[in-house]
$ cat final35.cif   # mmCIF, C-alpha atoms
data_protein
loop_
_atom_site.label_atom_id
_atom_site.label_comp_id
_atom_site.auth_asym_id
_atom_site.auth_seq_id
_atom_site.Cartn_x
_atom_site.Cartn_y
_atom_site.Cartn_z
CA MET A 1060 120.23 186.77 -110.06
CA ALA A 1061 122.00 183.37 -109.97
CA LYS A 1062 121.93 181.17 -113.08
CA VAL A 1063 119.35 178.41 -112.98
CA ASP A 1064 120.89 174.93 -112.77
CA ALA A 1065 120.56 172.79 -115.92
CA THR A 1066 119.13 169.90 -113.83
CA VAL A 1067 116.33 172.11 -112.52
CA ILE A 1068 115.44 173.25 -116.04
CA LYS A 1069 115.57 169.67 -117.37
CA GLU A 1070 113.32 168.28 -114.62
CA THR A 1071 110.91 171.21 -114.89
CA LYS A 1072 110.63 170.62 -118.64
CA TYR A 1073 109.88 166.93 -118.02
CA ILE A 1074 107.24 167.77 -115.39
CA SER A 1075 105.68 170.46 -117.64
CA GLY A 1076 105.46 168.05 -120.55
CA PHE A 1077 103.83 165.36 -118.47
CA VAL A 1078 101.43 167.85 -116.86
CA ILE A 1079 100.32 169.00 -120.33
CA ILE A 1080 99.75 165.39 -121.45
CA LEU A 1081 97.74 164.59 -118.30
CA SER A 1082 95.75 167.82 -118.69
CA VAL A 1083 94.79 166.87 -122.23
CA LEU A 1084 93.73 163.44 -120.92
CA MET A 1085 91.64 165.09 -118.21
CA GLN A 1086 89.95 167.35 -120.77
CA ALA A 1087 89.22 164.25 -122.86
CA VAL A 1088 87.64 162.52 -119.86
CA PHE A 1089 85.43 165.57 -119.23
CA LEU A 1090 84.45 165.59 -122.92
CA ILE A 1091 83.61 161.88 -122.88
CA LEU A 1092 81.48 162.34 -119.76
CA ASN A 1093 79.69 165.31 -121.42
CA LYS A 1094 80.72 167.56 -118.51
CA TRP A 1095 83.08 169.78 -120.47
CA ASP A 1096 82.63 173.54 -120.54
CA TYR A 1097 84.95 176.55 -120.52
CA THR A 1098 85.31 176.44 -116.70
CA VAL A 1099 87.07 173.06 -116.98
CA LEU A 1100 89.63 174.47 -119.41
CA LEU A 1101 90.17 177.66 -117.37
CA GLY A 1102 90.52 175.75 -114.09
CA ASN A 1103 92.95 173.33 -115.71
CA LEU A 1104 95.16 176.10 -117.14
CA PHE A 1105 95.09 178.00 -113.83
CA SER A 1106 96.07 174.95 -111.77
CA ASP A 1107 98.69 173.71 -114.27
CA PHE A 1108 100.50 177.02 -113.99
CA PHE A 1109 100.70 176.77 -110.20
CA ALA A 1110 101.60 173.04 -110.17
CA VAL A 1111 104.56 173.55 -112.51
CA GLY A 1112 105.47 176.86 -110.83
CA ASN A 1113 105.54 175.14 -107.44
CA PHE A 1114 107.94 172.49 -108.76
CA TYR A 1115 110.16 175.08 -110.44
CA LEU A 1116 110.32 177.19 -107.27
CA MET A 1117 111.21 174.08 -105.28
CA GLY A 1118 114.04 173.42 -107.74
CA LEU A 1119 115.31 176.98 -107.35
CA PHE A 1120 115.27 176.78 -103.56
CA VAL A 1121 116.99 173.36 -103.63
CA GLN A 1122 119.66 174.80 -105.93
CA LYS A 1123 120.12 177.70 -103.54
CA ALA A 1124 120.29 175.38 -100.51
CA LEU A 1125 122.87 173.03 -102.06
CA GLY A 1126 125.60 175.63 -101.87
CA LYS A 1127 125.12 176.18 -98.12
CA GLU A 1128 126.00 174.42 -94.89
CA GLN A 1129 123.73 171.56 -93.76
CA ASP A 1130 121.86 173.50 -91.06
CA GLU A 1131 121.35 176.52 -93.27
CA ALA A 1132 120.16 174.28 -96.13
CA LYS A 1133 117.60 172.69 -93.79
CA LYS A 1134 116.28 176.11 -92.77
CA ILE A 1135 116.06 177.33 -96.37
CA ILE A 1136 114.11 174.26 -97.49
CA LYS A 1137 111.74 174.38 -94.50
CA ALA A 1138 111.05 178.06 -95.12
CA SER A 1139 110.56 177.50 -98.85
CA GLN A 1140 108.17 174.61 -98.22
CA GLN A 1141 106.04 176.75 -95.92
CA LEU A 1142 106.05 179.63 -98.39
CA ARG A 1143 105.12 177.42 -101.33
CA THR A 1144 102.38 175.68 -99.32
CA LEU A 1145 100.94 179.08 -98.45
CA GLY A 1146 101.10 180.11 -102.10
CA MET A 1147 99.38 176.90 -103.17
CA PHE A 1148 96.71 177.44 -100.48
CA VAL A 1149 95.92 180.87 -101.87
CA ALA A 1150 95.97 179.60 -105.47
CA ILE A 1151 93.70 176.58 -104.83
CA ALA A 1152 91.38 178.64 -102.61
CA VAL A 1153 90.98 181.20 -105.41
CA GLY A 1154 90.40 178.36 -107.88
CA VAL A 1155 87.74 176.78 -105.65
CA LEU A 1156 85.97 180.05 -104.77
CA VAL A 1157 85.90 181.80 -108.16
CA PRO A 1158 82.94 180.42 -110.12
CA CYS A 1159 84.66 180.59 -113.52
CA PHE A 1160 86.84 177.62 -112.52
CA ASN A 1161 85.63 174.01 -112.22
CA ILE A 1162 86.62 172.67 -108.78
CA ILE A 1163 87.73 169.23 -110.02
CA SER A 1164 89.81 170.70 -112.82
CA VAL A 1165 91.49 173.01 -110.29
CA VAL A 1166 92.25 170.33 -107.70
CA ALA A 1167 93.33 167.40 -109.92
CA PRO A 1168 96.32 169.04 -111.73
CA VAL A 1169 97.97 169.79 -108.37
CA PHE A 1170 98.79 166.07 -108.20
CA PHE A 1171 99.96 165.72 -111.82
CA PRO A 1172 103.66 166.29 -110.97
CA ARG A 1173 103.44 163.36 -108.53
CA ILE A 1174 102.03 161.14 -111.29
CA ALA A 1175 104.79 162.36 -113.64
CA ILE A 1176 107.43 161.34 -111.08
CA SER A 1177 105.85 157.87 -110.80
CA PHE A 1178 106.51 157.39 -114.53
CA ARG A 1179 110.02 158.86 -114.28
CA PRO A 1180 111.91 155.51 -114.22
CA LEU A 1181 110.46 154.67 -117.66
CA PHE A 1182 112.04 157.79 -119.21
CA LYS A 1183 115.23 157.84 -117.15
CA ASP A 1184 118.36 158.68 -119.12
CA LYS A 1185 120.58 155.58 -119.29
CA ASN A 1186 123.75 157.71 -119.34
CA SER A 1187 122.97 159.18 -115.92
CA LYS A 1188 122.61 155.64 -114.53
CA ASP A 1189 126.07 154.79 -115.82
CA VAL A 1190 127.54 157.76 -113.98
CA ILE A 1191 125.95 156.58 -110.73
CA ASP A 1192 127.22 153.01 -111.29
CA LYS A 1193 130.78 154.27 -111.77
CA MET B 957 68.31 175.78 -83.20
CA LEU B 958 69.22 175.93 -86.87
CA GLU B 959 71.85 178.58 -86.13
CA ILE B 960 73.47 176.31 -83.54
CA ALA B 961 73.51 173.39 -85.99
CA VAL B 962 75.07 175.58 -88.71
CA GLY B 963 77.61 176.85 -86.19
CA ILE B 964 78.54 173.29 -85.20
CA ILE B 965 78.93 172.33 -88.87
CA LEU B 966 81.18 175.33 -89.58
CA GLY B 967 83.20 174.77 -86.42
CA CYS B 968 83.73 171.07 -87.14
CA CYS B 969 84.77 171.82 -90.74
CA ALA B 970 87.31 174.40 -89.53
CA LEU B 971 88.56 171.98 -86.87
CA GLY B 972 88.91 169.24 -89.49
CA ALA B 973 90.80 171.56 -91.83
CA GLY B 974 93.17 172.56 -89.05
CA THR B 975 93.74 168.94 -88.08
CA ALA B 976 94.38 167.98 -91.71
CA MET B 977 97.06 170.64 -91.98
CA ILE B 978 99.11 168.91 -89.27
CA ALA B 979 100.27 166.75 -92.18
CA GLY B 980 101.81 169.88 -93.66
CA ILE B 981 104.55 169.87 -91.01
CA GLY B 982 106.11 166.57 -92.09
CA PRO B 983 107.17 167.42 -95.66
CA GLY B 984 109.11 170.50 -94.52
CA ILE B 985 111.13 168.48 -92.00
CA GLY B 986 111.64 165.59 -94.46
CA GLU B 987 112.73 167.81 -97.33
CA GLY B 988 115.05 169.71 -95.02
CA ASN B 989 116.75 166.49 -93.91
CA ALA B 990 117.00 165.21 -97.50
CA VAL B 991 118.63 168.42 -98.72
CA ALA B 992 121.01 168.51 -95.75
CA LYS B 993 122.17 164.97 -96.54
CA ALA B 994 122.44 165.86 -100.24
CA CYS B 995 124.73 168.77 -99.30
CA GLU B 996 126.88 166.28 -97.40
CA ALA B 997 126.92 163.86 -100.36
CA ILE B 998 127.85 166.60 -102.83
CA GLY B 999 130.58 167.75 -100.45
CA ARG B 1000 132.06 164.24 -100.54
CA GLN B 1001 131.54 163.66 -104.29
CA PRO B 1002 131.24 166.98 -106.14
CA GLU B 1003 131.21 165.22 -109.54
CA SER B 1004 127.83 163.61 -108.74
CA LYS B 1005 126.09 166.95 -108.15
CA GLY B 1006 123.76 166.62 -111.18
CA ASP B 1007 122.53 163.15 -110.29
CA VAL B 1008 122.11 163.97 -106.61
CA THR B 1009 120.16 167.16 -107.44
CA SER B 1010 117.94 165.34 -109.91
CA THR B 1011 117.15 162.47 -107.53
CA MET B 1012 116.61 164.84 -104.65
CA LEU B 1013 114.26 167.09 -106.62
CA MET B 1014 112.08 164.09 -107.39
CA GLY B 1015 112.24 162.95 -103.76
CA CYS B 1016 111.29 166.40 -102.50
CA ALA B 1017 108.37 166.56 -104.93
CA ILE B 1018 107.10 163.18 -103.71
CA ALA B 1019 107.48 164.24 -100.07
CA GLU B 1020 105.62 167.43 -100.79
CA THR B 1021 102.63 165.60 -102.26
CA THR B 1022 101.64 164.48 -98.75
CA GLY B 1023 101.40 168.11 -97.73
CA LEU B 1024 99.41 168.91 -100.86
CA TYR B 1025 96.90 166.13 -100.08
CA ALA B 1026 96.38 167.69 -96.67
CA LEU B 1027 96.13 171.15 -98.21
CA VAL B 1028 93.46 170.08 -100.68
CA VAL B 1029 91.47 168.28 -97.95
CA ALA B 1030 91.69 171.41 -95.77
CA ILE B 1031 90.57 173.71 -98.61
CA LEU B 1032 87.65 171.45 -99.49
CA LEU B 1033 86.64 171.29 -95.81
CA LEU B 1034 86.84 175.06 -95.49
CA PHE B 1035 85.21 176.19 -98.72
CA VAL B 1036 83.18 173.34 -100.22
CA ALA B 1037 82.02 171.00 -97.42
CA PRO B 1038 80.12 173.57 -95.28
CA GLY B 1039 77.79 174.41 -98.18
CA ILE B 1040 77.07 170.74 -98.87
CA PHE B 1041 76.49 169.90 -95.18
CA ILE B 1042 74.22 172.91 -94.66
CA ASP B 1043 72.20 171.95 -97.75
CA ILE B 1044 71.82 168.42 -96.35
CA LEU B 1045 70.77 169.85 -92.98
CA ILE B 1046 68.18 172.16 -94.52
CA SER B 1047 66.77 169.44 -96.77
CA THR B 1048 66.56 167.07 -93.78
CA ILE B 1049 64.70 169.62 -91.66
CA GLY B 1050 62.49 170.43 -94.61
#
$ encode --input "final35.cif" --output "structure tokens"
Amino acid sequence: MAKVDATVIKETKYISGFVIILSVLMQAVFLILNKWDYTVLLGNLFSDFFAVGNFYLMGLFVQKALGKEQDEAKKIIKASQQLRTLGMFVAIAVGVLVPCFNIISVVAPVFFPRIAISFRPLFKDKNSKDVIDK
Amino acid sequence: MLEIAVGIILGCCALGAGTAMIAGIGPGIGEGNAVAKACEAIGRQPESKGDVTSTMLMGCAIAETTGLYALVVAILLLFVAPGIFIDILISTIG
């Protein structure tokens, strides 16, 4: 198995950290609204795993595609996107259908990586900017 | 009559879910183009591989969110909405 690129690991760590922070915030909101029970926690953990896993898999496929020719890279990414979407469909469907998961706590964490990326410029490494400027 | 109404509700929900998933086509094409161009950029400047990969990963994740919105809408239409609509129908009929 090929070695995982340091960039993929770094970005996945950032996304995981932010997803955990947002999950804690979501749990706090449920607690404040007096709607918290074990299904919220279970749904959140279940969905967090798939949200971060989806990002990590995307990183792995991107890493794999970068070493190929342009057309082949396009095909790899298209195929990976379809596969991951199918995986997410199954995961979210299970989360929505199984009664031990709260629907909101299953659906919301899917979008946490997007929120994490929105805050990315605030935490961007200044050294990497210098490299781009050069 | 009730069976026909329930059938129409289920059919419309399935149709809506299918239509929503049209949005799932775009991210695949967009990500594919982005990665193809990134390959070209890395080919020209191999020293910038880390930065290009990092920026592209974030771009791909953003592009994919559109597909995930559609996916969530489709799942809710398939598995959650029919129950709610049928409950409304039954309570309306009485």
$ interface_residues --input "final35.cif" --of "chain A" --to "chain B" --cutoff "9 Å" --atoms "all atoms listed in the file" --output "ChimeraX atom specification"
/A:1064-1067,1069-1070,1114,1117-1118,1121-1122,1124-1141,1144,1147-1148,1151-1152,1155-1156,1166,1169-1170,1172-1173,1176-1177,1179,1187-1188,1190-1191
$ atom_distance --input "final35.cif" --atom1 "atom CA of A:Leu1145" --atom2 "atom CA of A:Asn1103"
19.9 Å
$ resolve_selection --input "final35.cif" --expression "the PyMOL selection byres ((chain B and resi 1037-1042) around 10)" --output "PyMOL selection string"
chain B and resi 958+961-963+965-970+1029-1036+1043-1048
$ closest_residue --input "final35.cif" --among "A:Val1083, A:Ile1074, A:Ala1061, A:Leu1119" --to "A:Val1099" --atoms "only C-alpha atoms"
A:Val1083
$ atom_distance --input "final35.cif" --atom1 "atom CA of A:Phe1108" --atom2 "atom CA of A:Thr1071"
12.0 Å
$ atom_distance --input "final35.cif" --atom1 "atom CA of A:Phe1105" --atom2 "atom CA of B:Ala1026"
20.1 Å
$ build_atoms --input "final35.cif" --residues "stretch 965-984 of chain B" --atoms "N, CA, C and O atoms" --output "CSV table (one decimal), in the coordinates of the input"
chain,number,residue,atom,x,y,z
B,965,ILE,N,78.4,172.8,-87.6
B,965,ILE,CA,78.9,172.3,-88.9
B,965,ILE,C,80.2,173.1,-89.3
B,965,ILE,O,81.2,172.6,-89.6
B,966,LEU,N,80.1,174.5,-89.2
B,966,LEU,CA,81.2,175.3,-89.6
B,966,LEU,C,82.4,175.1,-88.7
B,966,LEU,O,83.5,175.0,-89.1
B,967,GLY,N,82.1,175.0,-87.4
B,967,GLY,CA,83.2,174.8,-86.4
B,967,GLY,C,83.9,173.5,-86.7
B,967,GLY,O,85.1,173.4,-86.7
B,968,CYS,N,83.1,172.4,-86.9
B,968,CYS,CA,83.7,171.1,-87.1
B,968,CYS,C,84.5,171.1,-88.4
B,968,CYS,O,85.6,170.4,-88.5
B,969,CYS,N,84.0,171.8,-89.5
B,969,CYS,CA,84.8,171.8,-90.7
B,969,CYS,C,86.1,172.5,-90.5
B,969,CYS,O,87.1,172.1,-91.0
B,970,ALA,N,86.1,173.7,-89.8
B,970,ALA,CA,87.3,174.4,-89.5
B,970,ALA,C,88.3,173.6,-88.7
B,970,ALA,O,89.5,173.6,-89.0
B,971,LEU,N,87.7,172.8,-87.7
B,971,LEU,CA,88.6,172.0,-86.9
B,971,LEU,C,89.2,170.9,-87.7
B,971,LEU,O,90.4,170.6,-87.6
B,972,GLY,N,88.4,170.3,-88.6
B,972,GLY,CA,88.9,169.2,-89.5
B,972,GLY,C,90.0,169.8,-90.4
B,972,GLY,O,91.0,169.1,-90.6
B,973,ALA,N,89.8,171.0,-90.9
B,973,ALA,CA,90.8,171.6,-91.8
B,973,ALA,C,92.1,171.8,-91.1
B,973,ALA,O,93.2,171.5,-91.6
B,974,GLY,N,92.0,172.3,-89.9
B,974,GLY,CA,93.2,172.6,-89.0
B,974,GLY,C,93.9,171.3,-88.7
B,974,GLY,O,95.1,171.2,-88.8
B,975,THR,N,93.1,170.2,-88.4
B,975,THR,CA,93.7,168.9,-88.1
B,975,THR,C,94.4,168.4,-89.3
B,975,THR,O,95.5,167.8,-89.2
B,976,ALA,N,93.8,168.5,-90.5
B,976,ALA,CA,94.4,168.0,-91.7
B,976,ALA,C,95.7,168.6,-92.0
B,976,ALA,O,96.7,168.0,-92.5
B,977,MET,N,95.8,169.9,-91.7
B,977,MET,CA,97.1,170.6,-92.0
B,977,MET,C,98.2,170.3,-91.1
B,977,MET,O,99.4,170.7,-91.3
B,978,ILE,N,98.0,169.4,-90.1
B,978,ILE,CA,99.1,168.9,-89.3
B,978,ILE,C,100.1,168.1,-90.2
B,978,ILE,O,101.3,168.2,-90.0
B,979,ALA,N,99.5,167.5,-91.2
B,979,ALA,CA,100.3,166.8,-92.2
B,979,ALA,C,101.2,167.7,-93.0
B,979,ALA,O,102.1,167.2,-93.6
B,980,GLY,N,100.9,168.9,-92.9
B,980,GLY,CA,101.8,169.9,-93.7
B,980,GLY,C,103.2,170.1,-93.0
B,980,GLY,O,104.1,170.7,-93.6
B,981,ILE,N,103.3,169.7,-91.7
B,981,ILE,CA,104.6,169.9,-91.0
B,981,ILE,C,105.6,168.9,-91.5
B,981,ILE,O,106.8,169.3,-91.7
B,982,GLY,N,105.2,167.6,-91.7
B,982,GLY,CA,106.1,166.6,-92.1
B,982,GLY,C,107.0,166.8,-93.3
B,982,GLY,O,108.2,166.7,-93.2
B,983,PRO,N,106.4,167.2,-94.5
B,983,PRO,CA,107.2,167.4,-95.7
B,983,PRO,C,108.3,168.4,-95.5
B,983,PRO,O,109.4,168.2,-96.0
B,984,GLY,N,108.1,169.5,-94.7
B,984,GLY,CA,109.1,170.5,-94.5
B,984,GLY,C,110.3,169.9,-93.8
B,984,GLY,O,111.5,170.1,-94.2
